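query-v3.tsv follows (TSV, C-alpha atoms):
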```tsv
chain	number	residue	atom	x	y	z
A	1	MET	CA	44.95	7.56	18.50
A	2	SER	CA	42.51	9.96	20.19
A	3	LEU	CA	38.79	9.43	20.13
A	4	PRO	CA	36.75	11.92	18.12
A	5	SER	CA	34.60	14.36	20.02
A	6	LEU	CA	30.85	14.04	19.66
A	7	ASP	CA	28.87	17.27	19.33
A	8	PRO	CA	27.48	17.80	22.86
A	9	ILE	CA	24.41	19.59	21.48
A	10	ILE	CA	23.40	16.51	19.49
A	11	HIS	CA	24.84	13.83	21.76
A	12	GLN	CA	21.90	13.79	24.15
A	13	ALA	CA	19.20	11.13	23.84
A	14	THR	CA	16.21	13.38	23.17
A	15	ARG	CA	18.00	15.90	20.95
A	16	LEU	CA	19.61	13.06	19.03
A	17	ARG	CA	16.14	11.65	18.28
A	18	ILE	CA	14.84	15.06	17.24
A	19	MET	CA	17.83	15.64	14.98
A	20	ALA	CA	17.62	12.12	13.49
A	21	LEU	CA	13.94	12.67	12.78
A	22	LEU	CA	14.53	16.03	11.13
A	23	PHE	CA	17.65	14.86	9.29
A	24	ARG	CA	15.52	12.16	7.66
A	25	ASN	CA	12.34	14.19	7.10
A	26	ARG	CA	13.79	17.72	6.81
A	27	THR	CA	10.70	19.14	8.49
A	28	ALA	CA	8.04	17.86	10.87
A	29	ALA	CA	5.00	19.14	12.70
A	30	PHE	CA	5.69	19.78	16.37
A	31	THR	CA	2.76	17.61	17.46
A	32	TRP	CA	3.78	14.73	15.21
A	33	ALA	CA	7.38	14.86	16.43
A	34	ARG	CA	6.08	14.93	20.02
A	35	ASP	CA	3.83	11.89	19.51
A	36	THR	CA	6.32	9.97	17.39
A	37	LEU	CA	9.17	10.44	19.84
A	38	GLY	CA	6.94	9.93	22.87
A	39	LEU	CA	7.83	13.27	24.44
A	40	THR	CA	5.85	15.83	26.36
A	41	ASP	CA	5.19	19.30	24.95
A	42	GLY	CA	7.54	20.84	27.49
A	43	ASN	CA	10.34	18.37	26.90
A	44	LEU	CA	10.22	18.75	23.14
A	45	ASP	CA	9.92	22.51	23.47
A	46	THR	CA	12.97	22.74	25.72
A	47	HIS	CA	15.15	20.57	23.53
A	48	THR	CA	14.07	22.22	20.29
A	49	LYS	CA	14.88	25.62	21.82
A	50	ARG	CA	18.35	24.33	22.63
A	51	LEU	CA	18.79	23.11	19.05
A	52	GLU	CA	17.37	26.35	17.71
A	53	ASP	CA	19.82	28.37	19.80
A	54	ALA	CA	22.64	26.30	18.30
A	55	GLY	CA	21.29	27.14	14.84
A	56	TYR	CA	20.60	23.48	14.03
A	57	ILE	CA	16.86	23.79	13.56
A	58	ARG	CA	14.30	26.50	12.89
A	59	ARG	CA	10.80	26.71	14.24
A	60	GLY	CA	8.02	28.32	12.29
A	61	ARG	CA	4.26	28.53	12.24
A	62	VAL	CA	2.25	27.66	9.17
A	63	LEU	CA	-1.45	28.10	8.62
A	64	THR	CA	-3.19	24.83	7.82
A	65	THR	CA	-6.85	23.89	7.50
A	66	GLY	CA	-6.75	22.90	11.16
A	67	GLY	CA	-5.30	26.24	12.28
A	68	PHE	CA	-1.75	27.32	12.96
A	69	GLN	CA	0.77	24.53	13.20
A	70	VAL	CA	4.27	24.71	14.61
A	71	ARG	CA	6.79	23.16	12.23
A	72	LEU	CA	10.35	22.19	12.95
A	73	ARG	CA	12.87	22.36	10.15
A	74	ILE	CA	16.52	21.35	10.05
A	75	THR	CA	18.87	24.12	8.91
A	76	PRO	CA	21.88	23.61	6.58
A	77	GLU	CA	24.08	24.08	9.67
A	78	GLY	CA	22.09	21.41	11.49
A	79	ASP	CA	22.35	19.10	8.52
A	80	ALA	CA	26.13	19.55	8.40
A	81	ALA	CA	26.42	19.13	12.16
A	82	PHE	CA	24.42	15.89	12.10
A	83	ARG	CA	26.51	14.54	9.23
A	84	ALA	CA	29.64	15.39	11.18
A	85	TYR	CA	28.13	13.71	14.25
A	86	LEU	CA	27.40	10.55	12.25
A	87	GLU	CA	30.94	10.54	10.91
A	88	ALA	CA	32.34	11.02	14.41
A	89	LEU	CA	30.18	8.12	15.61
A	90	ARG	CA	31.52	5.92	12.83
A	91	VAL	CA	35.11	6.78	13.67
A	92	TYR	CA	34.46	6.32	17.37
A	93	LEU	CA	32.92	2.89	16.90
A	94	ALA	CA	35.67	1.82	14.48
A	95	LEU	CA	38.33	2.92	16.96
A	96	GLU	CA	36.55	1.20	19.80
A	97	THR	CA	36.56	-2.04	17.84
A	98	VAL	CA	40.30	-1.71	17.33
A	99	GLU	CA	40.94	-0.60	20.88
A	100	PRO	CA	38.46	-2.53	23.06
A	101	THR	CA	40.15	-1.42	26.25
A	102	GLN	CA	39.09	2.19	25.68
A	103	SER	CA	36.35	3.61	27.85
A	104	ALA	CA	32.86	2.82	26.59
A	105	SER	CA	31.52	6.16	27.76
A	106	PRO	CA	31.24	8.92	25.16
A	107	PRO	CA	34.12	11.34	24.91
A	108	SER	CA	31.96	14.45	25.18
A	109	THR	CA	30.11	15.73	28.20
A	110	ASP	CA	27.33	18.25	28.35
A	111	ARG	CA	26.63	18.98	31.95
Y	112	MET	CA	0.27	29.94	51.94
Y	113	LYS	CA	1.25	30.21	48.32
Y	114	ARG	CA	2.81	27.21	46.60
Y	115	THR	CA	5.73	29.30	45.48
Y	116	ASP	CA	6.69	30.19	48.96
Y	117	VAL	CA	10.45	30.00	49.21
Y	118	GLY	CA	10.34	28.69	52.73
Y	119	LEU	CA	8.25	25.69	51.74
Y	120	PHE	CA	9.85	24.87	48.41
Y	121	PRO	CA	13.36	26.24	48.44
Y	122	ALA	CA	14.60	23.78	45.85
Y	123	ALA	CA	11.62	24.22	43.55
Y	124	TYR	CA	12.05	27.96	43.65
Y	125	HIS	CA	15.36	27.62	41.87
Y	126	LEU	CA	14.20	24.90	39.53
Y	127	PRO	CA	14.72	26.03	35.95
Y	128	MET	CA	11.94	25.76	33.39
Y	129	ASP	CA	13.84	23.06	31.55
Y	130	ALA	CA	14.27	20.91	34.62
Y	131	ASN	CA	13.09	17.85	32.74
Y	132	VAL	CA	16.14	17.98	30.49
Y	133	HIS	CA	18.65	15.43	31.59
Y	134	GLU	CA	21.98	16.31	30.09
Y	135	GLY	CA	24.80	13.82	29.87
Y	136	GLU	CA	22.56	10.91	30.72
Y	137	GLY	CA	25.21	8.38	29.72
Y	138	LEU	CA	24.27	7.93	26.09
Y	139	THR	CA	26.81	5.55	24.65
Y	140	PRO	CA	27.75	5.77	20.95
Y	141	GLN	CA	26.24	2.30	20.49
Y	142	ALA	CA	22.94	3.49	21.98
Y	143	ALA	CA	23.11	6.58	19.76
Y	144	VAL	CA	23.47	4.41	16.66
Y	145	ALA	CA	20.53	2.22	17.77
Y	146	GLU	CA	18.42	5.33	18.36
Y	147	ILE	CA	19.24	6.77	14.92
Y	148	ARG	CA	18.30	3.47	13.27
Y	149	ARG	CA	15.00	3.37	15.15
Y	150	ILE	CA	14.10	6.91	14.04
Y	151	GLU	CA	15.01	6.02	10.44
Y	152	GLY	CA	12.41	3.26	10.61
Y	153	LEU	CA	9.62	5.62	11.72
Y	154	HIS	CA	9.61	7.53	8.46
Y	155	GLY	CA	9.71	4.35	6.45
Y	156	ALA	CA	6.70	2.88	8.25
Y	157	LEU	CA	4.47	5.88	7.54
Y	158	ALA	CA	5.61	6.19	3.93
Y	159	ARG	CA	5.08	2.44	3.36
Y	160	ARG	CA	1.56	2.60	4.73
Y	161	ALA	CA	0.74	5.58	2.54
Y	162	SER	CA	2.16	3.70	-0.46
Y	163	GLY	CA	0.02	0.70	0.42
Y	164	LEU	CA	-3.09	2.86	0.65
Y	165	THR	CA	-2.22	4.37	-2.75
Y	166	TRP	CA	-2.10	0.86	-4.23
Y	167	MET	CA	-5.46	0.12	-2.63
Y	168	ILE	CA	-7.02	3.29	-4.09
Y	169	TRP	CA	-5.91	2.26	-7.58
Y	170	GLY	CA	-7.02	-1.29	-6.81
Y	171	ILE	CA	-10.54	0.12	-6.67
Y	172	VAL	CA	-10.18	2.69	-9.48
Y	173	ALA	CA	-8.74	0.28	-12.08
Y	174	PRO	CA	-11.57	-2.31	-11.83
Y	175	ALA	CA	-14.09	0.54	-11.76
Y	176	ILE	CA	-12.77	1.74	-15.13
Y	177	PHE	CA	-13.09	-1.77	-16.60
Y	178	ILE	CA	-16.62	-2.18	-15.26
Y	179	ASN	CA	-17.62	1.25	-16.53
Y	180	TYR	CA	-16.37	0.38	-20.01
Y	181	ALA	CA	-18.19	-2.97	-19.87
Y	182	LEU	CA	-21.42	-1.18	-18.98
Y	183	LEU	CA	-20.89	1.36	-21.76
Y	184	GLY	CA	-20.29	-1.52	-24.17
Y	185	ILE	CA	-23.64	-3.03	-23.19
Y	186	LEU	CA	-25.33	0.35	-23.51
Y	187	VAL	CA	-23.86	1.06	-26.94
Y	188	GLY	CA	-24.79	-2.40	-28.17
Y	189	PHE	CA	-28.31	-2.07	-26.83
Y	190	PRO	CA	-30.80	-1.67	-29.67
Y	191	GLY	CA	-32.53	1.66	-29.20
Y	192	THR	CA	-34.90	3.67	-31.29
Y	193	ASN	CA	-33.09	5.51	-34.09
Y	194	ASN	CA	-29.86	4.02	-32.79
Y	195	GLY	CA	-29.76	6.81	-30.23
Y	196	TYR	CA	-27.44	4.89	-27.91
Y	197	HIS	CA	-24.74	4.73	-30.54
Y	198	ALA	CA	-24.07	8.38	-29.87
Y	199	LEU	CA	-22.40	7.13	-26.67
Y	200	TRP	CA	-19.51	5.78	-28.76
Y	201	ILE	CA	-17.83	9.14	-28.30
Y	202	LEU	CA	-17.45	8.34	-24.60
Y	203	PHE	CA	-15.05	5.45	-25.23
Y	204	PRO	CA	-11.83	7.47	-25.45
Y	205	VAL	CA	-12.61	9.57	-22.37
Y	206	LEU	CA	-14.60	7.37	-19.98
Y	207	TRP	CA	-11.45	6.46	-18.05
Y	208	ALA	CA	-10.64	10.10	-17.31
Y	209	PRO	CA	-13.18	10.80	-14.51
Y	210	TRP	CA	-12.10	7.63	-12.71
Y	211	ALA	CA	-8.45	8.49	-13.15
Y	212	ALA	CA	-9.23	11.96	-11.79
Y	213	ILE	CA	-10.95	10.40	-8.76
Y	214	GLY	CA	-7.90	8.21	-8.16
Y	215	LEU	CA	-5.57	11.14	-8.61
Y	216	VAL	CA	-7.49	13.35	-6.18
Y	217	ALA	CA	-7.72	10.54	-3.60
Y	218	THR	CA	-3.99	9.84	-3.95
Y	219	ALA	CA	-3.06	13.52	-3.76
Y	220	THR	CA	-5.27	13.99	-0.69
Y	221	LEU	CA	-3.70	10.99	1.01
Y	222	TRP	CA	-0.16	12.19	0.38
Y	223	ARG	CA	-1.05	15.75	1.32
Y	224	SER	CA	-2.31	14.40	4.65
Y	225	VAL	CA	0.92	12.47	5.09
Y	226	GLY	CA	2.79	15.60	4.02
Y	227	LEU	CA	1.38	17.48	7.00
Y	228	VAL	CA	3.81	15.53	9.11
Y	229	ILE	CA	6.28	14.14	6.59
Y	230	PRO	CA	6.65	16.29	3.50
Y	231	ARG	CA	7.08	14.51	0.20
Y	232	ARG	CA	10.05	15.25	-1.93
Y	233	SER	CA	9.10	17.02	-5.17
Y	234	ALA	CA	10.72	14.10	-7.02
Y	235	GLN	CA	8.12	11.77	-5.53
Y	236	THR	CA	5.25	13.84	-6.92
Y	237	ARG	CA	6.98	13.83	-10.30
Y	238	GLU	CA	7.44	10.07	-10.11
Y	239	GLY	CA	3.76	9.58	-9.26
Y	240	LEU	CA	2.60	11.64	-12.22
Y	241	LEU	CA	5.14	9.95	-14.49
Y	242	THR	CA	3.78	6.56	-13.40
Y	243	GLY	CA	0.29	7.53	-14.56
Y	244	ALA	CA	1.66	8.94	-17.80
Y	245	ILE	CA	3.62	5.73	-18.53
Y	246	ILE	CA	0.63	3.44	-17.97
Y	247	VAL	CA	-1.86	5.60	-19.89
Y	248	GLY	CA	0.75	6.15	-22.63
Y	249	ILE	CA	1.32	2.41	-23.10
Y	250	ILE	CA	-2.43	1.73	-23.23
Y	251	PHE	CA	-3.07	4.39	-25.87
Y	252	ALA	CA	0.05	3.53	-27.88
Y	253	GLY	CA	-1.20	-0.06	-28.00
Y	254	PHE	CA	-4.66	0.99	-29.12
Y	255	ALA	CA	-3.12	3.15	-31.84
Y	256	ALA	CA	-1.05	0.17	-33.02
Y	257	ILE	CA	-4.12	-2.09	-32.94
Y	258	ALA	CA	-6.11	0.46	-34.97
Y	259	VAL	CA	-3.36	0.73	-37.59
Y	260	THR	CA	-2.61	-2.99	-37.91
Y	261	LYS	CA	-6.27	-4.02	-37.51
Y	262	VAL	CA	-5.24	-7.08	-35.54
Y	263	PRO	CA	-8.20	-8.62	-33.69
Y	264	VAL	CA	-7.36	-7.99	-30.05
Y	265	VAL	CA	-9.58	-8.19	-26.99
Y	266	GLU	CA	-9.49	-4.60	-25.72
Y	267	PHE	CA	-9.72	-5.51	-22.03
Y	268	ALA	CA	-6.90	-8.03	-22.42
Y	269	TRP	CA	-4.67	-5.37	-23.94
Y	270	VAL	CA	-5.49	-2.84	-21.20
Y	271	LEU	CA	-4.67	-5.45	-18.54
Y	272	MET	CA	-1.41	-6.27	-20.28
Y	273	ALA	CA	-0.54	-2.59	-20.77
Y	274	GLN	CA	-1.18	-1.99	-17.07
Y	275	GLY	CA	1.19	-4.83	-16.28
Y	276	ILE	CA	3.89	-3.58	-18.66
Y	277	GLY	CA	3.55	-0.09	-17.19
Y	278	VAL	CA	3.75	-1.36	-13.61
Y	279	VAL	CA	6.85	-3.47	-14.39
Y	280	THR	CA	8.47	-0.48	-16.13
Y	281	VAL	CA	7.82	1.72	-13.11
Y	282	GLY	CA	9.27	-0.96	-10.83
Y	283	LEU	CA	12.38	-1.34	-12.97
Y	284	MET	CA	12.88	2.42	-13.00
Y	285	GLY	CA	12.54	2.43	-9.21
Y	286	PHE	CA	9.78	5.03	-9.09
Y	287	ASN	CA	7.55	5.38	-6.01
Y	288	CYS	CA	9.60	2.88	-4.06
Y	289	ASN	CA	10.47	3.38	-0.41
Y	290	ASP	CA	12.52	0.21	-0.25
Y	291	ALA	CA	13.56	-2.90	-2.17
Y	292	THR	CA	10.45	-4.87	-1.14
Y	293	GLU	CA	8.20	-2.22	-2.62
Y	294	ARG	CA	10.20	-2.27	-5.85
Y	295	ARG	CA	9.93	-6.05	-6.03
Y	296	LEU	CA	6.18	-5.73	-5.49
Y	297	TRP	CA	5.87	-3.33	-8.46
Y	298	ILE	CA	7.74	-5.77	-10.68
Y	299	LEU	CA	5.92	-8.86	-9.40
Y	300	GLY	CA	2.50	-7.15	-9.60
Y	301	GLY	CA	3.17	-6.10	-13.18
Y	302	ILE	CA	4.28	-9.60	-14.13
Y	303	LEU	CA	1.07	-11.05	-12.63
Y	304	LEU	CA	-1.07	-8.64	-14.66
Y	305	VAL	CA	0.80	-9.47	-17.87
Y	306	ALA	CA	0.67	-13.20	-17.11
Y	307	ALA	CA	-3.11	-13.09	-16.55
Y	308	ALA	CA	-3.62	-11.21	-19.81
Y	309	LEU	CA	-1.34	-13.59	-21.73
Y	310	ALA	CA	-2.81	-16.76	-20.24
Y	311	GLY	CA	-6.36	-15.60	-20.91
Y	312	SER	CA	-5.52	-14.58	-24.46
Y	313	LEU	CA	-3.81	-17.89	-25.21
Y	314	LEU	CA	-6.64	-19.94	-23.76
Y	315	LEU	CA	-9.46	-17.93	-25.34
Y	316	GLY	CA	-7.66	-16.40	-28.30
Y	317	GLY	CA	-9.45	-18.59	-30.83
Y	318	GLU	CA	-12.83	-17.09	-30.20
Y	319	ILE	CA	-12.72	-13.33	-29.93
Y	320	LEU	CA	-16.32	-12.92	-28.78
Y	321	LEU	CA	-15.91	-15.49	-26.00
Y	322	ALA	CA	-12.60	-13.90	-25.01
Y	323	ARG	CA	-14.27	-10.48	-24.83
Y	324	GLN	CA	-16.90	-11.87	-22.47
Y	325	TRP	CA	-14.36	-13.59	-20.26
Y	326	PHE	CA	-12.04	-10.60	-20.07
Y	327	THR	CA	-14.96	-8.47	-18.87
Y	328	LEU	CA	-14.60	-10.59	-15.76
Y	329	ILE	CA	-10.85	-11.39	-15.79
Y	330	SER	CA	-9.49	-7.85	-16.24
Y	331	PRO	CA	-11.26	-6.02	-13.39
Y	332	LEU	CA	-10.85	-8.99	-11.07
Y	333	THR	CA	-7.12	-9.41	-11.76
Y	334	SER	CA	-6.22	-5.73	-11.57
Y	335	GLY	CA	-8.35	-5.33	-8.44
Y	336	LEU	CA	-6.82	-8.34	-6.70
Y	337	VAL	CA	-3.23	-7.50	-7.64
Y	338	LEU	CA	-3.38	-3.78	-6.81
Y	339	PHE	CA	-5.62	-4.00	-3.75
Y	340	GLY	CA	-3.86	-7.12	-2.48
Y	341	GLY	CA	-0.43	-5.52	-3.00
Y	342	GLY	CA	-1.61	-2.45	-1.11
Y	343	LEU	CA	-2.94	-4.57	1.71
Y	344	TYR	CA	0.43	-6.30	1.97
Y	345	LEU	CA	2.30	-2.98	2.03
Y	346	THR	CA	0.10	-1.52	4.75
Y	347	SER	CA	0.18	-4.62	6.92
Y	348	ARG	CA	3.86	-5.45	6.88
Y	349	PRO	CA	5.79	-4.37	9.99
```

Give the structure from the file, written as structure tokens.
Amino acid sequence: MSLPSLDPIIHQATRLRIMALLFRNRTAAFTWARDTLGLTDGNLDTHTKRLEDAGYIRRGRVLTTGGFQVRLRITPEGDAAFRAYLEALRVYLALETVEPTQSASPPSTDR
Amino acid sequence: MKRTDVGLFPAAYHLPMDANVHEGEGLTPQAAVAEIRRIEGLHGALARRASGLTWMIWGIVAPAIFINYALLGILVGFPGTNNGYHALWILFPVLWAPWAAIGLVATATLWRSVGLVIPRRSAQTREGLLTGAIIVGIIFAGFAAIAVTKVPVVEFAWVLMAQGIGVVTVGLMGFNCNDATERRLWILGGILLVAAALAGSLLLGGEILLARQWFTLISPLTSGLVLFGGGLYLTSRP
């Protein structure tokens, strides 16, 4: 039985954390996501752009009492993609338990 | 010489802006699962702390209401010229409202601050308002029943018990709960309030005047300790 493919856009440590955060919270302030995930502005910016290009998240600016704030929001496509990713992970791990001789490395690459 | 000189930094010249992105860095599915679980916990921690602070706010507001009513009782009973102080009787049905408004504003401000980074679901706001409505509803329904039946009841004891019944009801309905521990705390906290009211009533029930005096102390102290202590526990747990 073949291993399921993991979405290469999501299956990257930093983007996975961003998507997991937004999947749970739906939306988050850029600065809070940066501090919570322990990322730099540039790193978060780069990865969110990649996710935005894939249509998984949207970035917007909202006016708050403290000035303009950049907000990240998961899109319905991103939500569906993350659910599919979770399902693929489940299947992958279940298959790996059955077939322990399979390679432990993920089936997708994103180089 | 400029830093961007190609001769000096040939590799840097071609470095893309997203050079700090390491693709395909060997993330195993097991590591991905661990990472997802860790992120899940981040939301919970912030929401739990905000819940704990909400409990602490009401742990101050609830005793304040009791103390305010006790002071009004003294004031109304105070012999004044032409019984002028008795006009303050009209404050009894509404004296709780400013304190409840203070608690509501403090709670809303807290959750709005939390909402700047983690937005609340609209259901949570509904649950919060419903919680207040349940507790206030039980208190007033009880007072209406007491007025109709004319049973001698210590007012503060009933309010403490009604608070407890309301808190248990909210816990059983699963409102305002981020996890099972928080739900258990709602139920346990409510039971403690009811138990204190029942125990006090049974011990002092024979003498209504003595019971009234004691419950002026018991009710604010119990509600303060249970709500503030519960909040402290919620904010301090890992």

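The residue that comes closest to chain Y, out of A:Ile74, A:Ala54, A:Leu89, A:Ile9 and on the basis of all atoms listed in the file, is A:Leu89.
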
Practice problem: Point out the residue among Y:Ala291, Y:Pro140, Y:Thr333, Y:Thr220 with the least atom-to-atom distance to A:Asp7, counting all atoms listed in the file. | Solution: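 Nearest to A:Asp7: Y:Pro140.
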
Would you please work out which residue, of A:Ala28, A:Gly60, A:Pro8, A:Val91, is nearest to chain Y when using all atoms listed in the file?
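Checking each candidate against chain Y, we get A:Ala28 as the closest.
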
Review point. Hey, what's within 10 Å of stretch 180-182 of chain Y if we count only C-alpha atoms and toss same-chain stuff fewer than 2 positions away? As number ranges by chain, please?
Key: Y: 174-178, 184-188, 202-203, 206-207, 267, 323-324, 326-328, 331

Using the selection just defined, write its residues with C-alpha atoms as a PDB file, in the coordinates of the input.
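The result, stored in again.pdb:
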```pdb
ATOM      1  CA  PRO Y 174     -11.570  -2.310 -11.830  1.00  0.00           C
ATOM      2  CA  ALA Y 175     -14.090   0.540 -11.760  1.00  0.00           C
ATOM      3  CA  ILE Y 176     -12.770   1.740 -15.130  1.00  0.00           C
ATOM      4  CA  PHE Y 177     -13.090  -1.770 -16.600  1.00  0.00           C
ATOM      5  CA  ILE Y 178     -16.620  -2.180 -15.260  1.00  0.00           C
ATOM      6  CA  GLY Y 184     -20.290  -1.520 -24.170  1.00  0.00           C
ATOM      7  CA  ILE Y 185     -23.640  -3.030 -23.190  1.00  0.00           C
ATOM      8  CA  LEU Y 186     -25.330   0.350 -23.510  1.00  0.00           C
ATOM      9  CA  VAL Y 187     -23.860   1.060 -26.940  1.00  0.00           C
ATOM     10  CA  GLY Y 188     -24.790  -2.400 -28.170  1.00  0.00           C
ATOM     11  CA  LEU Y 202     -17.450   8.340 -24.600  1.00  0.00           C
ATOM     12  CA  PHE Y 203     -15.050   5.450 -25.230  1.00  0.00           C
ATOM     13  CA  LEU Y 206     -14.600   7.370 -19.980  1.00  0.00           C
ATOM     14  CA  TRP Y 207     -11.450   6.460 -18.050  1.00  0.00           C
ATOM     15  CA  PHE Y 267      -9.720  -5.510 -22.030  1.00  0.00           C
ATOM     16  CA  ARG Y 323     -14.270 -10.480 -24.830  1.00  0.00           C
ATOM     17  CA  GLN Y 324     -16.900 -11.870 -22.470  1.00  0.00           C
ATOM     18  CA  PHE Y 326     -12.040 -10.600 -20.070  1.00  0.00           C
ATOM     19  CA  THR Y 327     -14.960  -8.470 -18.870  1.00  0.00           C
ATOM     20  CA  LEU Y 328     -14.600 -10.590 -15.760  1.00  0.00           C
ATOM     21  CA  PRO Y 331     -11.260  -6.020 -13.390  1.00  0.00           C
TER      22      PRO Y 331
END
```

Excluding stretch 243-251 of chain Y and residues on its chain fewer than 6 positions from it, collect all residues at most 12 Å away from it, counting all atoms listed in the file, and give them as a PyMOL selection string. chain Y and resi 169+173+204-205+207-208+211-212+214-215+218+236-237+257-258+266-282+284+286-287+301

The residue from Y:Val225, Y:Ile171, Y:Ala306, Y:His197 with the smallest atom-to-atom distance to chain A, counting all atoms listed in the file, is Y:Val225

Using only C-alpha atoms, the best pick from A:Arg50, A:Ala80, A:Leu86, A:Arg73 as closest to A:Arg26 would be A:Arg73

- Message: Just to confirm, what's the straight-line distance from atom CA of A:His11 to atom CA of A:Asn25 in Å (one decimal)?
- Response: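 Distance reported for this atom pair: 19.3 Å.
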
Note to self: Excluding stretch 21-23 of chain A and its own-chain neighbours fewer than 5 positions away, which residues fall within 10 Å of it when counting only C-alpha atoms? Please give them as number ranges by chain.
What the structure shows: A: 15-16, 28, 33, 36-37, 57, 72-75, 78-80, 82-83; Y: 147, 149-154, 229
